[in-house]
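Asker: Got a structure for you, written out below as structure tokens; questions coming shortly.
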Amino acid sequence: MNLLQIKKPSTTFAMPFRHRVVAGKHLLTNTEGAFVLLDDAEFRLFAEGTVERGSTLWTRLVERNFVRAEVDLRAIEERIRTRKRFLDYGPNLHIAVVTLRCNETCVYCHASRANMDATYTDMTKETAEKTVDLILKSTNPSVTIEFQGGEPLANFPIVQHITEYALKQNEKIGKTLEFTMVSNLSLMTDEKLAWLVANKVQICTSIDGPQHLHDKQRKLPTKAAALPLALTGEGASPSAHLAARHWIGRINDEYGKMGLDTSLYHVEALLTTTRDTLPLWKDVVDTYVSLGCKALFLRPVDPFGFADRSGGRVEYPRKEYLEFYRSAVDYMLELNRQGVQILERFAAIFLTKILGGEDPNFLDIRNPCGAAIGQVAYNYDGKIFTCDEGRMLHEMGDDTFLIGEVGKTAYRDLMGHETVRALALASNLDAQPDCVNCTYQPYCGVCPVHNHKSQGSIFGRMRESTLCAVHKGIQDYLFEKIASGDPHVLETFKRWTTVRDRTHFLQTCAL
Amino acid sequence: MSSSLEGFPEGQVQFDLERGAASVRVDSSVYPLEALYGAAYVFIDRAYVLLDRAEGDAYRVWISPKKPAAEDALRALLGEFANELLSCAWRAQIAKDSRSIIEQATTRALGGARGAPSLDDLESFDFSDESFEDPLGIAMSWEEKYGKKKGAEGSEAKAAPAGAEAAAAEGEPTP
Ligand code: SF4
Ligand code: SF4
């Protein structure tokens with residue numbers, strides 16, 4: 001429909017709204033994040049202000065606060081408050097890089113790894129304690145400490161020390177603590193696993209898809225310490241995939257033995273989508289399902305860490321990525337139709353905002369983003385960054401996102417740091433050209449670190465941003481599916497927005 | 001020196017391929033100065049950038065890549081600059097229009113993250129009357145700053161020229 005066909009647009013009927021044509025329908029969203037999909041005839045009535053009072057269309061529009069005369073201001077206020085609840089608390093996610101050492105070499109390594117003999121990149125006990133002391137100063141009553149590297153298992157004593165020290169210190173403070181570890185698992189042993197399970201440290205790993213792709217992208221140069229011979233055979237080259245697969249099974253078994261519901265408690269895996277991944281969307285999904293994973297995060301490769309240098313080999317146009325995304329999620333929906341439970345994380349994040357009216361507080365897709373005010377990254381040497389991506393740039397020689405040092409910088413000074421203020425402004429979608437008028441603004445987020453790296457300014461230009469292309473493309477896909485009205489798809493989408501807390505991993509101390 | 005570039009109106013740009021520099025004329029009635037500063041700043045990691053007052057109501061921006069660049073690369077750089085300039089200009093306008101909503105969200109976010117000062121914070125707060133460094137004399141009263149100027153020495157005397165410049169810029173008489 002040509003908008004010029006609307007002869008007499010009414011300037012008084014509608015509340016402010018944003019408009020985009022998706023799947024031949026008119027998608028309208030408003031400030032509170034409600035949406036409505038209208039066909040041509042309905043949109044014309046809406047735009048001309050001639051919707052019949054009491055009609056179904058009238059009710060749909062009024063319920064979602066699109067009609068000025070019937071607007072419920074209290075409801076709008078309440079819904080915006082609910083969506084922005086995350087603004088009232090400080091950082092929840094605290095990333096502790098306990099070492100840069102890693103035994104795997106990955107084509108896209110984001111963390112700028114160091115070789116296994118680079119023990120000078122191990123976090124010391126003293127730095128670890130100062131880091132915990134600072135973390136516990138967060139104004140957030142819930143705190144997650146995420147162990148990252150390098151490979152955190154390469155400096156396991158510090159993982160143990162941080163966990164034990166944080167639990168001890170928290171006895172006086174009474175926050176809810178959670179611990180997670182992102183590991184390639186190839187340095188796992190039975191003893192380490194027993195300790196991690198006993199101390200309720202959640203484990204997350206990386207799986208790049210089927211074995212041939214995973215092993216091509218993630219090289220394990222020395223035989224993985226804990227990989228049973230039976231899996232590779234004598235003399236066979238070590239397989240990072242088999243090592244991870246072996247330990248995923250072992251960890252999930254442990255949870256089962258403890259009587260935990262393994263549909264909720266299981267190893268989560270992360271995918272990095274490279275050029276080689278694109279044609280393998282089906283194999284990727286099948287691999288995740290076969291590993292017992294219930295979620296798959298189809299993350300595109302980003303411009304941080306080594307991925308930048310190897311960009312030519314792993315990068316791809318975002319149009320191709322979006323085709324990959326559509327194929328993979330279509331297939332996941334089909335699997336769900338057959339009773340297999342698997343969800344896509346990007347979709348779940350956006351759908352929670354679109355259908356659930358809540359913000360799941362995913363720090364990279366929120367407004368403003370979580371740089372420092374939602375997450376903080378602590379390097380092995382005590383340097384503090386607004387987020388892990390900012391830390392990765394530091395490893396590439398760019399200190400723009402360095403905001404302090406443990407033991408030297410006070411918590412409130414970190415949160416009030418000029419860089420933090422600048423990032424809060426730069427990621428505010430009401431201040432961004434394009435986003436300010438974008439139909440997806442209520443659900444979206446921009447990444448100043450990505451902008452800085454790829455476009456030279458923390459504000460960036462969304463028209464040319466690959467991240468915006470991904471966010472827009474995914475939301476187009478989701479709204480197309482919603483517009484199709486397929487009850488099975490809608491039911492699956494609704495299920496994807498249901499968050500089940502993993503309460504077993506929450507560690508609270510009664511004061 | 002050439003003055004045409006595909007995609008730019010005739011006479012708008014100047015090219016000096018030998019020196020590896022290009023310039024673009026920017027109408028000051030179309031782009032605010034703050035947008036020009038913002039856009040120019042984005043390029044300082046890749047290029048040397050100079051802002052100049054061209055003829056009449058126009059600025060001229062010179063960009064010279066730090067690494068030698070062929071015509072294509074220069075053209076791309078100028079194109080990038082033009083896009084960034086537009087983006088900065090529009091962002092400045094949006095920031096003005098949405099000022100209160102942006103401020104509200106930022107204040108809430110930073111306030112929520114910082115929280116109230118703790119006793120430790122208060123302990124390290126400097127409540128003393130000790131003077132702090134104030135080279136521009138911002139914390140001084142008018143009398144302190146200018147009343148005793150004659151014969152004044154030390155920091156007050158040093159503060160005067162900067163303060164005087166500021167006063168003159170605001171159209172006030174220089175004491
Ligand atoms: S700057 Fe980017 S990576 Fe860092 S918290 Fe914000 S969105 Fe996330
Ligand atoms: S990032 Fe892109 S998709 Fe998201 S709100 Fe901004 S313009 Fe829209």
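Chain labels A, B, ... are given in the sequence in which chains occur in the structure tokens; within each chain residues are numbered consecutively from 1, and ligands are likewise numbered from 1 in the order shown.
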Mind listing as a ChimeraX atom specification which residues of chain B are within 7 Å of chain A, counting only C-alpha atoms?

Answerer: /B:42,87,90-91,94-95,98,102,106,108-110,112-115

Asker: Take the selection from the previous step and output its residues with all heavy atoms, as a short mmCIF file (atom, residue, chain, number, x, y, z; two decimals), in the first residue's frame.

Answerer:
```cif
data_model
loop_
_atom_site.label_atom_id
_atom_site.label_comp_id
_atom_site.auth_asym_id
_atom_site.auth_seq_id
_atom_site.Cartn_x
_atom_site.Cartn_y
_atom_site.Cartn_z
N VAL B 42 36.13 11.74 14.80
CA VAL B 42 36.04 10.30 14.53
C VAL B 42 37.19 9.81 13.64
O VAL B 42 37.58 8.65 13.68
CB VAL B 42 34.67 10.00 13.87
CG1 VAL B 42 34.62 8.61 13.27
CG2 VAL B 42 33.56 10.18 14.88
N SER B 87 25.32 12.29 10.29
CA SER B 87 24.91 11.55 11.48
C SER B 87 25.09 12.40 12.74
O SER B 87 24.21 12.45 13.60
CB SER B 87 25.75 10.27 11.54
OG SER B 87 25.47 9.56 12.69
N TRP B 90 22.47 15.23 12.85
CA TRP B 90 21.13 14.76 13.23
C TRP B 90 21.11 14.34 14.70
O TRP B 90 20.16 14.59 15.43
CB TRP B 90 20.67 13.64 12.29
CG TRP B 90 19.21 13.38 12.45
CD1 TRP B 90 18.26 14.24 12.95
CD2 TRP B 90 18.50 12.18 12.13
NE1 TRP B 90 17.04 13.65 12.95
CE2 TRP B 90 17.16 12.39 12.47
CE3 TRP B 90 18.90 10.95 11.61
CZ2 TRP B 90 16.20 11.40 12.29
CZ3 TRP B 90 17.94 9.98 11.42
CH2 TRP B 90 16.59 10.20 11.76
N ARG B 91 22.20 13.69 15.12
CA ARG B 91 22.23 13.26 16.53
C ARG B 91 22.16 14.46 17.46
O ARG B 91 21.49 14.43 18.49
CB ARG B 91 23.49 12.43 16.80
CG ARG B 91 23.39 11.75 18.12
CD ARG B 91 24.48 10.75 18.44
NE ARG B 91 25.11 10.14 17.32
CZ ARG B 91 26.33 10.43 16.90
NH1 ARG B 91 27.03 11.36 17.52
NH2 ARG B 91 26.84 9.81 15.88
N ILE B 94 18.60 15.48 17.58
CA ILE B 94 17.81 14.52 18.36
C ILE B 94 18.09 14.68 19.85
O ILE B 94 17.19 14.65 20.68
CB ILE B 94 18.13 13.07 17.92
CG1 ILE B 94 17.62 12.82 16.52
CG2 ILE B 94 17.52 12.05 18.88
CD1 ILE B 94 18.19 11.57 15.90
N ALA B 95 19.37 14.87 20.17
CA ALA B 95 19.74 15.02 21.58
C ALA B 95 19.02 16.23 22.18
O ALA B 95 18.59 16.20 23.32
CB ALA B 95 21.24 15.15 21.72
N SER B 98 15.17 15.27 22.44
CA SER B 98 14.82 14.24 23.43
C SER B 98 15.59 14.42 24.73
O SER B 98 15.76 13.48 25.49
CB SER B 98 15.13 12.84 22.87
OG SER B 98 14.83 12.74 21.53
N ILE B 102 16.35 11.45 27.60
CA ILE B 102 17.70 10.88 27.63
C ILE B 102 18.32 11.10 29.01
O ILE B 102 18.89 10.20 29.62
CB ILE B 102 18.59 11.52 26.54
CG1 ILE B 102 18.05 11.18 25.15
CG2 ILE B 102 20.03 11.06 26.67
CD1 ILE B 102 18.65 12.02 24.04
N THR B 106 19.50 8.24 31.71
CA THR B 106 20.91 8.18 32.09
C THR B 106 21.07 8.39 33.59
O THR B 106 21.81 7.66 34.26
CB THR B 106 21.71 9.26 31.32
OG1 THR B 106 21.36 9.16 29.95
CG2 THR B 106 23.19 9.07 31.48
N ARG B 108 18.87 7.81 35.89
CA ARG B 108 18.35 6.65 36.62
C ARG B 108 19.35 5.49 36.55
O ARG B 108 19.61 4.82 37.55
CB ARG B 108 17.01 6.23 36.00
CG ARG B 108 16.28 5.19 36.81
CD ARG B 108 14.87 4.97 36.28
NE ARG B 108 14.37 3.68 36.69
CZ ARG B 108 13.41 3.02 36.06
NH1 ARG B 108 12.84 3.56 34.99
NH2 ARG B 108 13.01 1.85 36.48
N ALA B 109 19.92 5.28 35.37
CA ALA B 109 20.85 4.16 35.20
C ALA B 109 22.12 4.37 36.04
O ALA B 109 22.54 3.48 36.77
CB ALA B 109 21.23 4.02 33.73
N LEU B 110 22.69 5.57 35.95
CA LEU B 110 23.94 5.79 36.68
C LEU B 110 23.69 5.87 38.18
O LEU B 110 24.47 5.37 38.99
CB LEU B 110 24.63 7.07 36.18
CG LEU B 110 25.07 7.02 34.71
CD1 LEU B 110 25.65 8.36 34.28
CD2 LEU B 110 26.09 5.92 34.48
N GLY B 112 21.26 4.33 39.82
CA GLY B 112 20.99 2.96 40.27
C GLY B 112 22.28 2.18 40.42
O GLY B 112 22.45 1.39 41.35
N ALA B 113 23.21 2.39 39.52
CA ALA B 113 24.46 1.63 39.56
C ALA B 113 25.40 2.14 40.67
O ALA B 113 26.06 1.37 41.33
CB ALA B 113 25.16 1.72 38.21
N ARG B 114 25.41 3.45 40.87
CA ARG B 114 26.34 4.00 41.86
C ARG B 114 25.85 3.80 43.28
O ARG B 114 26.61 3.49 44.19
CB ARG B 114 26.54 5.51 41.65
CG ARG B 114 27.37 5.86 40.46
CD ARG B 114 27.69 7.33 40.47
NE ARG B 114 28.99 7.56 41.08
CZ ARG B 114 29.46 8.76 41.40
NH1 ARG B 114 28.73 9.82 41.21
NH2 ARG B 114 30.65 8.89 41.95
N GLY B 115 24.54 3.98 43.48
CA GLY B 115 23.99 3.87 44.81
C GLY B 115 24.40 5.04 45.68
O GLY B 115 25.12 5.94 45.24
#
```

Asker: Show me which residues sit within 7 Å of ligand 1 when counting only C-alpha atoms and all ligand atoms, and put them as a PDB file with N, CA, C and O atoms, in the first residue's frame.

Answerer:
```pdb
ATOM      1  N   LEU A 363      22.481  -7.930  28.416  1.00  0.00           N
ATOM      2  CA  LEU A 363      23.180  -6.647  28.541  1.00  0.00           C
ATOM      3  C   LEU A 363      23.573  -6.011  27.216  1.00  0.00           C
ATOM      4  O   LEU A 363      23.768  -4.805  27.132  1.00  0.00           O
ATOM      5  N   ASP A 364      23.678  -6.822  26.162  1.00  0.00           N
ATOM      6  CA  ASP A 364      24.086  -6.277  24.869  1.00  0.00           C
ATOM      7  C   ASP A 364      22.895  -5.849  24.020  1.00  0.00           C
ATOM      8  O   ASP A 364      23.071  -5.245  22.966  1.00  0.00           O
ATOM      9  N   ILE A 365      21.697  -6.212  24.448  1.00  0.00           N
ATOM     10  CA  ILE A 365      20.513  -5.753  23.696  1.00  0.00           C
ATOM     11  C   ILE A 365      19.543  -5.143  24.693  1.00  0.00           C
ATOM     12  O   ILE A 365      18.492  -5.691  25.025  1.00  0.00           O
ATOM     13  N   CYS A 369      22.668   0.159  27.131  1.00  0.00           N
ATOM     14  CA  CYS A 369      23.290  -1.160  27.263  1.00  0.00           C
ATOM     15  C   CYS A 369      23.955  -1.314  28.635  1.00  0.00           C
ATOM     16  O   CYS A 369      23.987  -0.384  29.429  1.00  0.00           O
ATOM     17  N   GLY A 370      24.456  -2.497  28.871  1.00  0.00           N
ATOM     18  CA  GLY A 370      24.939  -2.805  30.225  1.00  0.00           C
ATOM     19  C   GLY A 370      26.395  -2.466  30.497  1.00  0.00           C
ATOM     20  O   GLY A 370      26.939  -2.934  31.502  1.00  0.00           O
ATOM     21  N   ALA A 371      27.020  -1.672  29.636  1.00  0.00           N
ATOM     22  CA  ALA A 371      28.445  -1.369  29.839  1.00  0.00           C
ATOM     23  C   ALA A 371      28.674  -0.773  31.230  1.00  0.00           C
ATOM     24  O   ALA A 371      28.207   0.325  31.522  1.00  0.00           O
ATOM     25  N   ALA A 372      29.331  -1.485  32.082  1.00  0.00           N
ATOM     26  CA  ALA A 372      29.631  -1.130  33.485  1.00  0.00           C
ATOM     27  C   ALA A 372      28.388  -1.102  34.379  1.00  0.00           C
ATOM     28  O   ALA A 372      28.403  -1.639  35.464  1.00  0.00           O
ATOM     29  N   GLN A 375      27.322  -4.891  33.513  1.00  0.00           N
ATOM     30  CA  GLN A 375      28.397  -5.876  33.611  1.00  0.00           C
ATOM     31  C   GLN A 375      29.739  -5.171  33.741  1.00  0.00           C
ATOM     32  O   GLN A 375      29.897  -4.031  33.296  1.00  0.00           O
ATOM     33  N   THR A 386      34.641  -1.839  30.967  1.00  0.00           N
ATOM     34  CA  THR A 386      33.182  -1.682  30.953  1.00  0.00           C
ATOM     35  C   THR A 386      32.470  -2.983  30.610  1.00  0.00           C
ATOM     36  O   THR A 386      31.311  -3.156  30.958  1.00  0.00           O
ATOM     37  N   CYS A 387      33.138  -3.858  29.906  1.00  0.00           N
ATOM     38  CA  CYS A 387      32.553  -5.139  29.544  1.00  0.00           C
ATOM     39  C   CYS A 387      33.653  -5.990  28.912  1.00  0.00           C
ATOM     40  O   CYS A 387      34.749  -5.488  28.646  1.00  0.00           O
ATOM     41  N   ASP A 388      33.338  -7.243  28.676  1.00  0.00           N
ATOM     42  CA  ASP A 388      34.379  -8.130  28.177  1.00  0.00           C
ATOM     43  C   ASP A 388      34.866  -7.700  26.796  1.00  0.00           C
ATOM     44  O   ASP A 388      36.044  -7.839  26.466  1.00  0.00           O
ATOM     45  N   GLU A 389      33.972  -7.154  26.002  1.00  0.00           N
ATOM     46  CA  GLU A 389      34.351  -6.718  24.663  1.00  0.00           C
ATOM     47  C   GLU A 389      35.360  -5.564  24.750  1.00  0.00           C
ATOM     48  O   GLU A 389      36.295  -5.483  23.952  1.00  0.00           O
ATOM     49  N   GLY A 390      35.159  -4.684  25.734  1.00  0.00           N
ATOM     50  CA  GLY A 390      36.101  -3.587  25.963  1.00  0.00           C
ATOM     51  C   GLY A 390      37.461  -4.131  26.372  1.00  0.00           C
ATOM     52  O   GLY A 390      38.508  -3.615  25.975  1.00  0.00           O
ATOM     53  N   LEU A 423      29.069   5.916  27.519  1.00  0.00           N
ATOM     54  CA  LEU A 423      28.474   4.715  26.923  1.00  0.00           C
ATOM     55  C   LEU A 423      26.978   4.645  27.210  1.00  0.00           C
ATOM     56  O   LEU A 423      26.195   4.177  26.373  1.00  0.00           O
ATOM     57  N   VAL A 446      21.959  -1.124  21.057  1.00  0.00           N
ATOM     58  CA  VAL A 446      23.136  -0.939  20.205  1.00  0.00           C
ATOM     59  C   VAL A 446      24.379  -1.165  21.061  1.00  0.00           C
ATOM     60  O   VAL A 446      24.309  -1.102  22.280  1.00  0.00           O
ATOM     61  N   CYS A 447      25.499  -1.408  20.405  1.00  0.00           N
ATOM     62  CA  CYS A 447      26.730  -1.707  21.148  1.00  0.00           C
ATOM     63  C   CYS A 447      27.802  -0.664  20.836  1.00  0.00           C
ATOM     64  O   CYS A 447      28.390  -0.677  19.751  1.00  0.00           O
ATOM     65  N   PRO A 448      28.060   0.241  21.776  1.00  0.00           N
ATOM     66  CA  PRO A 448      29.074   1.274  21.527  1.00  0.00           C
ATOM     67  C   PRO A 448      30.472   0.708  21.271  1.00  0.00           C
ATOM     68  O   PRO A 448      31.234   1.306  20.519  1.00  0.00           O
ATOM     69  N   VAL A 449      30.815  -0.416  21.900  1.00  0.00           N
ATOM     70  CA  VAL A 449      32.155  -0.973  21.650  1.00  0.00           C
ATOM     71  C   VAL A 449      32.245  -1.470  20.203  1.00  0.00           C
ATOM     72  O   VAL A 449      33.247  -1.257  19.512  1.00  0.00           O
ATOM     73  N   HIS A 450      31.189  -2.092  19.758  1.00  0.00           N
ATOM     74  CA  HIS A 450      31.135  -2.554  18.368  1.00  0.00           C
ATOM     75  C   HIS A 450      31.218  -1.353  17.422  1.00  0.00           C
ATOM     76  O   HIS A 450      31.972  -1.363  16.440  1.00  0.00           O
TER      77      HIS A 450
END
```

Asker: Find the spatial neighbours of range 58-67 of chain B, counting only C-alpha atoms, within a cut-off of 6 Å - ignore same-chain residues fewer than 6 positions away - and output them as number ranges by chain.

Answerer: B: 20-28, 46-52

Asker: Using C-alpha atoms, can you write the selected residues to a file as a short mmCIF file (atom, residue, chain, number, x, y, z; two decimals), in the first residue's frame?

Answerer:
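The file below, part35.cif, is the result:
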```
data_model
loop_
_atom_site.label_atom_id
_atom_site.label_comp_id
_atom_site.auth_asym_id
_atom_site.auth_seq_id
_atom_site.Cartn_x
_atom_site.Cartn_y
_atom_site.Cartn_z
CA GLY B 20 47.56 12.64 -0.31
CA ALA B 21 44.98 15.09 1.01
CA ALA B 22 41.41 15.99 0.22
CA SER B 23 39.12 18.70 1.45
CA VAL B 24 35.42 19.31 1.49
CA ARG B 25 33.50 22.56 1.82
CA VAL B 26 30.82 22.49 4.51
CA ASP B 27 28.05 25.07 4.58
CA SER B 28 27.86 26.44 8.12
CA ARG B 46 43.14 7.25 10.57
CA ALA B 47 43.90 10.70 9.26
CA TYR B 48 45.16 14.18 10.04
CA VAL B 49 42.20 16.49 10.07
CA LEU B 50 42.20 20.26 9.88
CA LEU B 51 39.17 22.53 10.11
CA ASP B 52 39.42 25.85 8.39
#
```

Asker: Just checking: using only C-alpha atoms, which residue out of B:Ala92, B:Val30, B:Ala69, B:Leu78 ends up closest to Phe43 in chain B?

Answerer: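 Using only C-alpha atoms, Phe43 in chain B sits closest to B:Leu78.
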
Asker: May I have a table of the residues of chain A lying at most 8 Å from ligand 2, giving each one's closest pair of atoms and their distance in Å to one decimal, counting only C-alpha atoms and all ligand atoms, ordered by chain and ascending residue number, as a Markdown table?

Answerer:
```
| residue | atom | partner | partner_atom_place_in_ligand_line | distance |
| --- | --- | --- | --- | --- |
| A:Leu429 | CA | ligand 2 | 5 (S) | 6.7 |
| A:Gln432 | CA | ligand 2 | 6 (Fe) | 7.3 |
| A:Pro433 | CA | ligand 2 | 7 (S) | 7.8 |
| A:Asp434 | CA | ligand 2 | 7 (S) | 4.7 |
| A:Cys435 | CA | ligand 2 | 6 (Fe) | 3.5 |
| A:Val436 | CA | ligand 2 | 5 (S) | 7.1 |
| A:Asn437 | CA | ligand 2 | 7 (S) | 7.7 |
| A:Cys438 | CA | ligand 2 | 8 (Fe) | 4.6 |
| A:Thr439 | CA | ligand 2 | 8 (Fe) | 6.6 |
| A:Tyr440 | CA | ligand 2 | 5 (S) | 5.0 |
| A:Gln441 | CA | ligand 2 | 5 (S) | 3.9 |
| A:Pro442 | CA | ligand 2 | 5 (S) | 7.4 |
| A:Tyr443 | CA | ligand 2 | 5 (S) | 7.4 |
| A:Cys444 | CA | ligand 2 | 4 (Fe) | 4.6 |
| A:Gly445 | CA | ligand 2 | 4 (Fe) | 5.7 |
| A:Val446 | CA | ligand 2 | 1 (S) | 5.2 |
| A:Met462 | CA | ligand 2 | 7 (S) | 5.6 |
| A:Arg463 | CA | ligand 2 | 7 (S) | 7.1 |
| A:Ser465 | CA | ligand 2 | 2 (Fe) | 7.9 |
| A:Leu467 | CA | ligand 2 | 1 (S) | 7.0 |
| A:Cys468 | CA | ligand 2 | 2 (Fe) | 3.9 |
| A:Ala469 | CA | ligand 2 | 2 (Fe) | 6.4 |
| A:Val470 | CA | ligand 2 | 3 (S) | 7.7 |
| A:His471 | CA | ligand 2 | 3 (S) | 5.1 |
| A:Lys472 | CA | ligand 2 | 3 (S) | 4.0 |
| A:Gly473 | CA | ligand 2 | 3 (S) | 7.7 |
| A:Gln475 | CA | ligand 2 | 3 (S) | 7.7 |
```

Asker: Quick one: of A:Pro157, A:Gly357, A:Pro300, A:Gly149, who's nearest to Lys125 in chain A, counting only C-alpha atoms?

Answerer: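 Nearest to Lys125 in chain A: A:Pro157.
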
Asker: I'd like the interatomic distance between CA of Leu45 in chain A and CA of Glu78 in chain A, to a tenth of an Å.

Answerer: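 Between CA of Leu45 in chain A and CA of Glu78 in chain A the gap works out to 28.7 Å.
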
Asker: I'd like the interatomic distance between CA of Gly54 in chain A and CA of Leu38 in chain A, to a tenth of an Å.

Answerer: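 According to the coordinates, CA of Gly54 in chain A and CA of Leu38 in chain A are separated by 16.8 Å.
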
Asker: One number please: CA of Leu478 in chain A to CA of Gln341 in chain A, in Å, one decimal.

Answerer: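 Between CA of Leu478 in chain A and CA of Gln341 in chain A the gap works out to 18.2 Å.
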
Asker: Which polymer residues have any atom within 10 Å of an atom of Arg44 in chain A, counting only C-alpha atoms, with same-chain residues fewer than 2 positions away left out, as a PyMOL selection string?

Answerer: chain A and resi 1+3+5-9+38-42+46-51

Asker: As a PyMOL selection string, which residues of range 31-107 of chain B does DSSP assign to strand (DSSP E or B)?

Answerer: chain B and resi 47-53+58-65

Asker: Please, which residues of range 105-258 of chain A, numbered as in this document, come out helix (DSSP H, G or I) from DSSP, as a ChimeraX atom specification?

Answerer: /A:119-121,125-135,152-170,190-198,211-217,229-232,240-257

Asker: Can you list, as a ChimeraX atom specification, every protein, DNA or RNA residue that comes within 9 Å of range 163-170 of chain A when you count only C-alpha atoms, leaving out same-chain residues fewer than 4 positions away?

Answerer: /A:128-129,132-133,135-136,145,158-159,174-177,179,199,201,507-509

Asker: Can you pull out every residue within 12 Å of Val329 in chain A, counting only C-alpha atoms, but drop anything in the same chain fewer than 4 positions away, and send it as a VMD selection string?

Answerer: chain A and resid 281 to 282 284 to 286 295 to 298 322 to 325 333 to 336 342 to 348 474 477 to 478 481 489 492 to 493
